[in-house]
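K.L.:
The structure under discussion is supplied below as C-alpha cells; questions concerning it will follow.
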Amino acid sequence: MSGYPEVLSIREDFPILKRKIEGHPLVYLDNAATTQKPRQVIDTVRRFYEFHNANIHRGKHTLSEEASELYEDVKKKTASFINAKSWREIVFTRNATEAINLVAYSYGTEFLKEGDEILLTMMEHHANIVPWQMLQEKKGVKLRFINIDSNSLLRMEEFEEKLSERTKLVSVAHVSNVLGTVNPVREIAKMAHRVGALILVDAAQSAPHLPLNVREIDADFMVFSSHKMLEPTGIGVLYGKEEILEKMPPFLRGGDMIKRVKPYKSYFKEVPWKFEAGTPDICGTIGFGAAIDYLKKTGMEKIEAWDRHLVGMAYKLLSEIPALKIIGPEDRVGALSFLLGDLETERIALFLNSYGISIREGCHCAQPLHRSLGLWGTARASFYIYNTEEEVLKLRDALLELAKIEGISE
Ligand SMILES: Cc1ncc(COP(=O)(O)O)c(C=O)c1O
C-alpha cells in the first residue's frame with residue numbers, strides 16, 4: 001500500500017473492510033451512495049444506547065439531560081465543520097433530500113409567487129429537482145436549467161443570460177454525483193446575489209470530500225447527508241443564514257418545536273428548534289458528531305488531496321482501456337462514471353462484484369443529466385479515505401479482463 005501514509009491505520013478503523021465478497025477482499029467503491037462507518041462512530045452509537053439513552057429536551061432526569069447535551073453539542077460541531085456563524089444556523093433533518101424539501105415547502109410556499117424563477121443545473125440529483133417541481137405545480141414558479149458544456153462544466157455564460165430580477169433562488173450541486181465536476185459555487189453565489197436571489201448549495205457530494213466554508217461561499221442555504229461522511233443513515237443537515245431561517249415558517253409541526261399550544265393556536269420555538277418537530281434520530285446525530293471528529297482529526301485538506309489522487313489515478317488508468325469511455329472532466333472529486341463498449345452497466349457491476357468490487361450502475365438519481373448526454377445510465381466508481389491505489393489497480397484489471405471476455409479489448 002503506498003501514497004497515503006495513514007491509509008493502513010484508517011482501514012483498521014473500518015471493520016467491514018475485512019469482509020470477503022465472492023471469495024475476494026471487499027473493494028468498496030460505492031462511496032457516493034453511502035460510506036462505511038468507522039469503529040469510533042459505531043462505538044459512539046453503542047455507548048449511547050448502553051449509557052445515555054433517553055428522549056431529549058423533555059426530561060429533568062440525568063439521562064435526558066445527558067442525551068440533550070450530547071445531541072445539541074453536535075450542532076456546534078457541525079457549525080464549526082462548515083464555518084457557520086452560529087449553531088443556530090444548523091437544522092437536523094432526515095437527509096439532504098428532506099433539507100431541500102424543507103426549504104421548498106417553508107421558504108418556497110411562503111415567499112415565492114407565480115412568475116418567480118428558480119435556476120437549477122442539468123447536473124442536479126433528483127433531490128434538487130423534484131422538490132422545486134412542487135413549487136412549479138402549486139405556485140406557478142418557473143424552473144430554468146443551466147446546461148453543461150462538452151467538458152461537463154457548467155456553461156457559466158448561461159447564468160448571465162438566465163439570471164434576472166425574476167430569479168429568486170439558485171440551487172446548485174457543489175460537486176456532481178455523476179461527473180465529479182466541482183462547480184464554482186462562490187462565483188455562482190455572487191452572481192445570484194447581484195440580482196437579489198438566494199443560493200442553496202447542495203453539498204451532499206462535497207461535504208465528505210472538501211473543506212467547506214459557508215461564509216466564504218456566502219451560501220444562503222447548504223444541505224448535506226451525514227451517511228455519505230462516515231455516519232449512520234438518518235441525519236441530514238440544513239444550514240441556513242439565521243436571519244433567513246427566522247423569517248421562514250415551520251415545515252413539519254408537532255411536539256418539541258413549540259413553546260405553547262392552545263387548542264386553535266400554537267407558538268413556536270426559535271431557530272433551529274422550530275424546524276425540528278418530533279423525536280429526532282438522537283443516537284444517529286450523536287454518531288454524526290463522532291464522524292465529524294474523525295474527519296477533522298484526519299484533516300479535510302488531506303482527505304481532499306487523497307480523494308483527488310485516487311480519482312485522478314483511476315481517470316488515467318481507465319482512460320487507457322480502449323473501449324472505455326469516462327463521463328465528465330479529468331479535474332474532479334469523488335465519483336468516476338464510465339461506459340465499457342456498449343455493455344449494459346448492470347453487466348459491468350455484476351462482473352466487478354464477482355471480484356469483490358462494489359460499484360453502482362444506473363442513472364444515479366440524475367435522469368435529466370443522463371438524458372441530456374444521450375445516455376440511459378453509467379457505471380460509477382466512487383472513492384473515499386479508506387480506498388487504496390491497489391484497489392484502483394484491481395478495478396482497472398477487472399475491467400480489462402471484462403473487455404477481453406467481451407471481445408472489446410482492442
Ligand atoms: C448531489 C446529491 N444531492 C442530494 C443527494 C440526496 O442525498 P440523500 O439521499 O441522502 O437525501 C445525493 C445522494 O446521492 C446527492 O449525490
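Going by the C-alpha cells order, chains are called A, B, ..., each with residues numbered from 1, while ligands are numbered from 1 in the order shown.
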Around ligand 1, at most 9 Å away and counting only C-alpha atoms and all ligand atoms, which residues are there? Put them as a PDB file with C-alpha atoms, in the first residue's frame, please.

P.N.:
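Saved as part.pdb:
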```
ATOM      1  CA  ALA A  32     -21.012   8.421  -3.397  1.00  0.00           C
ATOM      2  CA  ALA A  33     -24.105   6.378  -2.430  1.00  0.00           C
ATOM      3  CA  THR A  34     -23.061   5.919   1.189  1.00  0.00           C
ATOM      4  CA  ARG A  94     -33.509  13.039   7.952  1.00  0.00           C
ATOM      5  CA  ASN A  95     -31.271  13.554   4.910  1.00  0.00           C
ATOM      6  CA  ALA A  96     -30.244  16.114   2.279  1.00  0.00           C
ATOM      7  CA  THR A  97     -33.468  15.421   0.380  1.00  0.00           C
ATOM      8  CA  GLU A  98     -35.581  16.417   3.371  1.00  0.00           C
ATOM      9  CA  ALA A  99     -33.436  19.514   3.905  1.00  0.00           C
ATOM     10  CA  ILE A 100     -34.165  20.681   0.336  1.00  0.00           C
ATOM     11  CA  MET A 123     -26.301  18.028 -13.396  1.00  0.00           C
ATOM     12  CA  GLU A 124     -28.578  18.079 -10.339  1.00  0.00           C
ATOM     13  CA  HIS A 125     -29.539  14.994  -8.349  1.00  0.00           C
ATOM     14  CA  HIS A 126     -33.310  14.354  -8.331  1.00  0.00           C
ATOM     15  CA  ALA A 127     -33.317  15.614  -4.717  1.00  0.00           C
ATOM     16  CA  ASN A 128     -32.504  19.071  -6.110  1.00  0.00           C
ATOM     17  CA  VAL A 172     -26.844  24.053  -7.429  1.00  0.00           C
ATOM     18  CA  ALA A 173     -24.742  20.995  -6.624  1.00  0.00           C
ATOM     19  CA  HIS A 174     -21.288  21.816  -5.305  1.00  0.00           C
ATOM     20  CA  VAL A 175     -19.964  18.506  -6.701  1.00  0.00           C
ATOM     21  CA  SER A 176     -21.846  16.374  -9.242  1.00  0.00           C
ATOM     22  CA  ASN A 177     -22.578  12.836  -8.061  1.00  0.00           C
ATOM     23  CA  VAL A 178     -22.123  11.565 -11.644  1.00  0.00           C
ATOM     24  CA  ASP A 202     -26.267  21.016  -2.439  1.00  0.00           C
ATOM     25  CA  ALA A 203     -23.124  19.850  -0.668  1.00  0.00           C
ATOM     26  CA  ALA A 204     -24.129  16.163  -0.476  1.00  0.00           C
ATOM     27  CA  GLN A 205     -21.054  15.206  -2.539  1.00  0.00           C
ATOM     28  CA  SER A 206     -18.711  17.952  -1.382  1.00  0.00           C
ATOM     29  CA  VAL A 223     -27.548  20.867   2.619  1.00  0.00           C
ATOM     30  CA  PHE A 224     -25.774  17.550   3.062  1.00  0.00           C
ATOM     31  CA  SER A 225     -26.304  13.998   4.331  1.00  0.00           C
ATOM     32  CA  SER A 226     -24.210  12.570   7.113  1.00  0.00           C
ATOM     33  CA  HIS A 227     -24.360   8.956   5.863  1.00  0.00           C
ATOM     34  CA  LYS A 228     -22.081   9.986   2.984  1.00  0.00           C
ATOM     35  CA  THR A 233     -28.066   6.768   7.901  1.00  0.00           C
ATOM     36  CA  GLY A 234     -30.812   9.086   9.118  1.00  0.00           C
ATOM     37  CA  ILE A 235     -29.296  12.563   9.542  1.00  0.00           C
ATOM     38  CA  GLY A 236     -29.359  15.427   7.087  1.00  0.00           C
ATOM     39  CA  HIS A 364     -27.613   7.683 -10.019  1.00  0.00           C
ATOM     40  CA  CYS A 365     -30.793   9.758  -9.438  1.00  0.00           C
ATOM     41  CA  ALA A 366     -29.762  12.067 -12.280  1.00  0.00           C
TER      42      ALA A 366
END
```

K.L.:
Do you know which residues are at most 7 Å from stretch 352-359 of chain A counting only C-alpha atoms, after dropping those on the same chain fewer than 6 positions away, and could you put them as a PyMOL selection string?

P.N.:
chain A and resi 20-22+24-30+380-381+398

K.L.:
Go through A:Ile348, A:Leu135, A:Ala379, A:Leu343 one by one, measure the shortest atom-to-atom distance of each to A:Glu361 using only C-alpha atoms, and give the residue with the smallest value.

P.N.:
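Nearest candidate to A:Glu361 out of A:Ile348, A:Leu135, A:Ala379, A:Leu343: A:Ala379.
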
K.L.:
Would you list, as a PyMOL selection string, the residues of stretch 48-212 of chain A that end up in alpha helix (DSSP H) under DSSP run on this structure's backbone?

P.N.:
chain A and resi 62-81+96-102+109-111+130-139+156-162+185-194

K.L.:
Using only C-alpha atoms, find each residue in stretch 194-223 of chain A having at least one atom no more than 12 Å away from stretch 70-80 of chain A; report its shortest atom-to-atom pair and that distance in Å (one decimal), rows by chain then rising number, as JSON lines.

P.N.:
```
{"residue": "A:Ala207", "atom": "CA", "partner": "A:Thr78", "partner_atom": "CA", "distance": 10.8}
{"residue": "A:Pro211", "atom": "CA", "partner": "A:Ser80", "partner_atom": "CA", "distance": 11.2}
{"residue": "A:Leu212", "atom": "CA", "partner": "A:Ser80", "partner_atom": "CA", "distance": 9.8}
{"residue": "A:Asn213", "atom": "CA", "partner": "A:Ser80", "partner_atom": "CA", "distance": 9.2}
{"residue": "A:Val214", "atom": "CA", "partner": "A:Ala79", "partner_atom": "CA", "distance": 9.4}
{"residue": "A:Arg215", "atom": "CA", "partner": "A:Ala79", "partner_atom": "CA", "distance": 10.9}
{"residue": "A:Met222", "atom": "CA", "partner": "A:Ala79", "partner_atom": "CA", "distance": 11.4}
{"residue": "A:Val223", "atom": "CA", "partner": "A:Thr78", "partner_atom": "CA", "distance": 11.6}
```

K.L.:
Would you put the residues from that selection into a file with N, CA and C atoms, as a compact mmCIF listing (two decimals), in the first residue's frame?

P.N.:
```
# COMPACT_ATOMS: atom_id res chain seq x y z
N ALA A 207 -19.39 17.86 0.97
CA ALA A 207 -19.10 17.84 2.41
C ALA A 207 -18.20 16.66 2.80
N PRO A 211 -12.87 20.68 2.26
CA PRO A 211 -13.09 21.58 3.40
C PRO A 211 -14.18 22.58 2.97
N LEU A 212 -15.19 22.79 3.81
CA LEU A 212 -16.30 23.69 3.43
C LEU A 212 -16.28 24.93 4.30
N ASN A 213 -16.64 26.04 3.67
CA ASN A 213 -16.71 27.30 4.41
C ASN A 213 -17.92 28.08 3.89
N VAL A 214 -19.06 27.91 4.58
CA VAL A 214 -20.29 28.55 4.09
C VAL A 214 -20.17 30.05 4.02
N ARG A 215 -19.38 30.62 4.95
CA ARG A 215 -19.30 32.09 4.96
C ARG A 215 -18.49 32.60 3.78
N MET A 222 -27.29 25.59 2.75
CA MET A 222 -26.43 24.49 2.30
C MET A 222 -27.02 23.21 2.89
N VAL A 223 -27.00 22.13 2.10
CA VAL A 223 -27.55 20.87 2.62
C VAL A 223 -26.53 19.74 2.40
```

K.L.:
Which neighbours of stretch 393-397 of chain A fall inside 7 Å, counting only C-alpha atoms, when residues of the same chain fewer than 4 positions from it are skipped, and could you give them as a ChimeraX atom specification?

P.N.:
/A:317-318,389,401

K.L.:
I need the chosen residues saved as a tab-separated table (two decimals), in the first residue's frame, with C-alpha atoms.

P.N.:
```tsv
chain	number	residue	atom	x	y	z
A	317	LEU	CA	-5.72	4.18	-15.84
A	318	LEU	CA	-9.29	3.67	-17.02
A	389	GLU	CA	-4.06	2.66	-5.00
A	401	GLU	CA	-10.50	-8.68	-18.15
```

K.L.:
What's around A:Gln40 at 12 Å? Count only C-alpha atoms, leave out sequence neighbours fewer than 3 positions away in its own chain, and write the answer as JSON, numbers by chain.

P.N.:
{"A": [10, 12, 13, 14, 15, 36, 37, 43, 44, 45, 46, 47, 230, 231, 232, 286, 287, 288, 289, 290, 291, 292, 293, 294, 295, 297]}

K.L.:
Since we have the selection now, will you write its residues out, keeping C-alpha atoms, as a short mmCIF file (atom, residue, chain, number, x, y, z; two decimals), in the first residue's frame?

P.N.:
```cif
data_model
loop_
_atom_site.label_atom_id
_atom_site.label_comp_id
_atom_site.auth_asym_id
_atom_site.auth_seq_id
_atom_site.Cartn_x
_atom_site.Cartn_y
_atom_site.Cartn_z
CA ILE A 10 -7.51 4.28 8.66
CA GLU A 12 -8.14 -0.69 10.57
CA ASP A 13 -10.91 1.59 11.85
CA PHE A 14 -13.47 0.14 9.39
CA PRO A 15 -14.43 -3.41 10.41
CA GLN A 36 -18.71 2.81 5.52
CA LYS A 37 -18.61 3.60 9.24
CA ASP A 43 -18.74 2.63 19.39
CA THR A 44 -20.30 6.05 19.99
CA VAL A 45 -23.69 4.74 18.86
CA ARG A 46 -23.34 1.64 21.06
CA ARG A 47 -22.19 3.68 24.03
CA LEU A 230 -18.99 8.08 7.78
CA GLU A 231 -22.16 8.40 9.88
CA PRO A 232 -25.14 6.04 10.24
CA ILE A 286 -24.54 11.82 18.25
CA GLY A 287 -22.85 9.29 15.92
CA PHE A 288 -22.60 12.12 13.39
CA GLY A 289 -20.67 14.11 15.98
CA ALA A 290 -18.17 11.25 16.21
CA ALA A 291 -17.92 11.18 12.38
CA ILE A 292 -17.15 14.92 12.31
CA ASP A 293 -14.46 14.37 14.96
CA TYR A 294 -12.99 11.58 12.82
CA LEU A 295 -12.97 13.71 9.65
CA LYS A 297 -8.78 14.56 13.07
#
```

K.L.:
So that I can see what lies close to A:Glu160, please list as a VMD selection string the residues with an atom at most 12 Å from it, counting only C-alpha atoms and leaving out residues fewer than 2 positions away in the same chain.

P.N.:
chain A and resid 119 146 154 to 158 162 to 165 167 187 to 188 190 to 192 194 to 195

K.L.:
Limited to N, CA and C atoms, could you put the picked residues into a file as a tab-separated table (two decimals), in the first residue's frame?

P.N.:
```
chain	number	residue	atom	x	y	z
A	119	LEU	N	-33.43	28.84	-10.58
A	119	LEU	CA	-32.41	28.39	-11.53
A	119	LEU	C	-31.71	27.16	-10.99
A	146	ILE	N	-29.46	25.45	-16.23
A	146	ILE	CA	-28.17	25.77	-16.85
A	146	ILE	C	-27.62	24.48	-17.43
A	154	LEU	N	-20.30	23.56	-16.06
A	154	LEU	CA	-21.49	24.41	-16.25
A	154	LEU	C	-21.17	25.51	-17.27
A	155	ARG	N	-22.14	25.80	-18.12
A	155	ARG	CA	-21.98	26.92	-19.06
A	155	ARG	C	-22.23	28.21	-18.28
A	156	MET	N	-21.12	28.80	-17.81
A	156	MET	CA	-21.26	29.95	-16.91
A	156	MET	C	-21.93	31.13	-17.61
A	157	GLU	N	-21.75	31.21	-18.95
A	157	GLU	CA	-22.38	32.34	-19.65
A	157	GLU	C	-23.91	32.24	-19.59
A	158	GLU	N	-24.42	31.00	-19.41
A	158	GLU	CA	-25.88	30.85	-19.30
A	158	GLU	C	-26.41	31.45	-18.00
A	162	LYS	N	-29.54	33.81	-17.99
A	162	LYS	CA	-30.79	33.38	-17.36
A	162	LYS	C	-31.09	34.03	-16.01
A	163	LEU	N	-30.07	34.62	-15.39
A	163	LEU	CA	-30.33	35.31	-14.12
A	163	LEU	C	-30.99	36.66	-14.40
A	164	SER	N	-32.06	36.94	-13.69
A	164	SER	CA	-32.71	38.25	-13.85
A	164	SER	C	-33.40	38.60	-12.54
A	165	GLU	N	-34.08	39.75	-12.52
A	165	GLU	CA	-34.78	40.10	-11.27
A	165	GLU	C	-35.91	39.13	-10.97
A	167	THR	N	-35.40	35.92	-10.98
A	167	THR	CA	-34.78	34.78	-10.30
A	167	THR	C	-34.80	35.01	-8.79
A	187	GLU	N	-18.54	31.85	-7.01
A	187	GLU	CA	-18.83	32.75	-8.13
A	187	GLU	C	-20.33	32.78	-8.43
A	188	ILE	N	-20.96	31.58	-8.37
A	188	ILE	CA	-22.40	31.49	-8.65
A	188	ILE	C	-23.19	32.26	-7.57
A	190	LYS	N	-22.16	34.87	-5.92
A	190	LYS	CA	-22.01	36.31	-6.21
A	190	LYS	C	-22.99	36.74	-7.28
A	191	MET	N	-23.08	35.89	-8.34
A	191	MET	CA	-23.97	36.24	-9.46
A	191	MET	C	-25.43	36.24	-9.00
A	192	ALA	N	-25.79	35.24	-8.17
A	192	ALA	CA	-27.17	35.16	-7.69
A	192	ALA	C	-27.49	36.39	-6.83
A	194	ARG	N	-26.21	39.27	-6.89
A	194	ARG	CA	-26.25	40.52	-7.67
A	194	ARG	C	-27.68	40.83	-8.15
A	195	VAL	N	-28.47	39.75	-8.43
A	195	VAL	CA	-29.86	40.01	-8.88
A	195	VAL	C	-30.85	39.85	-7.71
```

K.L.:
Where does stretch 329-399 of chain A meet stretch 298-311 of chain A within 9 Å, residue by residue, with the nearest atom pair and distance in Å to one decimal for each, counting only C-alpha atoms, listed by chain and rising number, as CSV?

P.N.:
```
residue,atom,partner,partner_atom,distance
A:Glu330,CA,A:Val311,CA,8.8
A:Asp331,CA,A:Arg308,CA,8.1
A:Arg332,CA,A:Arg308,CA,6.9
A:Val333,CA,A:Arg308,CA,5.6
A:Gly334,CA,A:Asp307,CA,6.2
A:Ala335,CA,A:Val311,CA,7.2
A:Leu336,CA,A:Val311,CA,6.9
A:Ala381,CA,A:Val311,CA,8.9
A:Ser382,CA,A:Val311,CA,7.7
A:Phe383,CA,A:Asp307,CA,6.4
A:Tyr384,CA,A:Asp307,CA,6.0
A:Ile385,CA,A:Ile303,CA,6.1
A:Asn387,CA,A:Leu310,CA,7.9
A:Thr388,CA,A:Leu310,CA,7.4
A:Glu389,CA,A:Leu310,CA,6.6
A:Val392,CA,A:Leu310,CA,7.2
```

K.L.:
Taking only C-alpha atoms into account, which of A:Leu17, A:Ile42, A:Val271, A:Ala84 comes nearest A:Phe221?

P.N.:
A:Ala84

K.L.:
Can you measure atom CA of A:Lys168 to atom CA of A:Leu143 for me? One decimal in Å is fine.

P.N.:
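Computing the Euclidean distance for atom CA of A:Lys168 and atom CA of A:Leu143 yields 10.6 Å.
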
K.L.:
Pick out the closest residue to A:Leu245 from this set: A:Ile129, A:Leu102, A:Ile326, A:Leu169. Count only C-alpha atoms.

P.N.:
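Closest to A:Leu245 of all the choices is A:Leu102.
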
K.L.:
Out of A:Ala104, A:Ile405, A:Ala54, A:Met313, which residue has the shortest atom-to-atom distance to A:Thr279 when counting only C-alpha atoms?

P.N.:
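Result for the nearest residue to A:Thr279: A:Ala54.
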
K.L.:
Expressed in Å to a single decimal, how great is the separation between atom CA of A:His370 and atom CA of A:Val201?

P.N.:
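The value is 21.2 Å.
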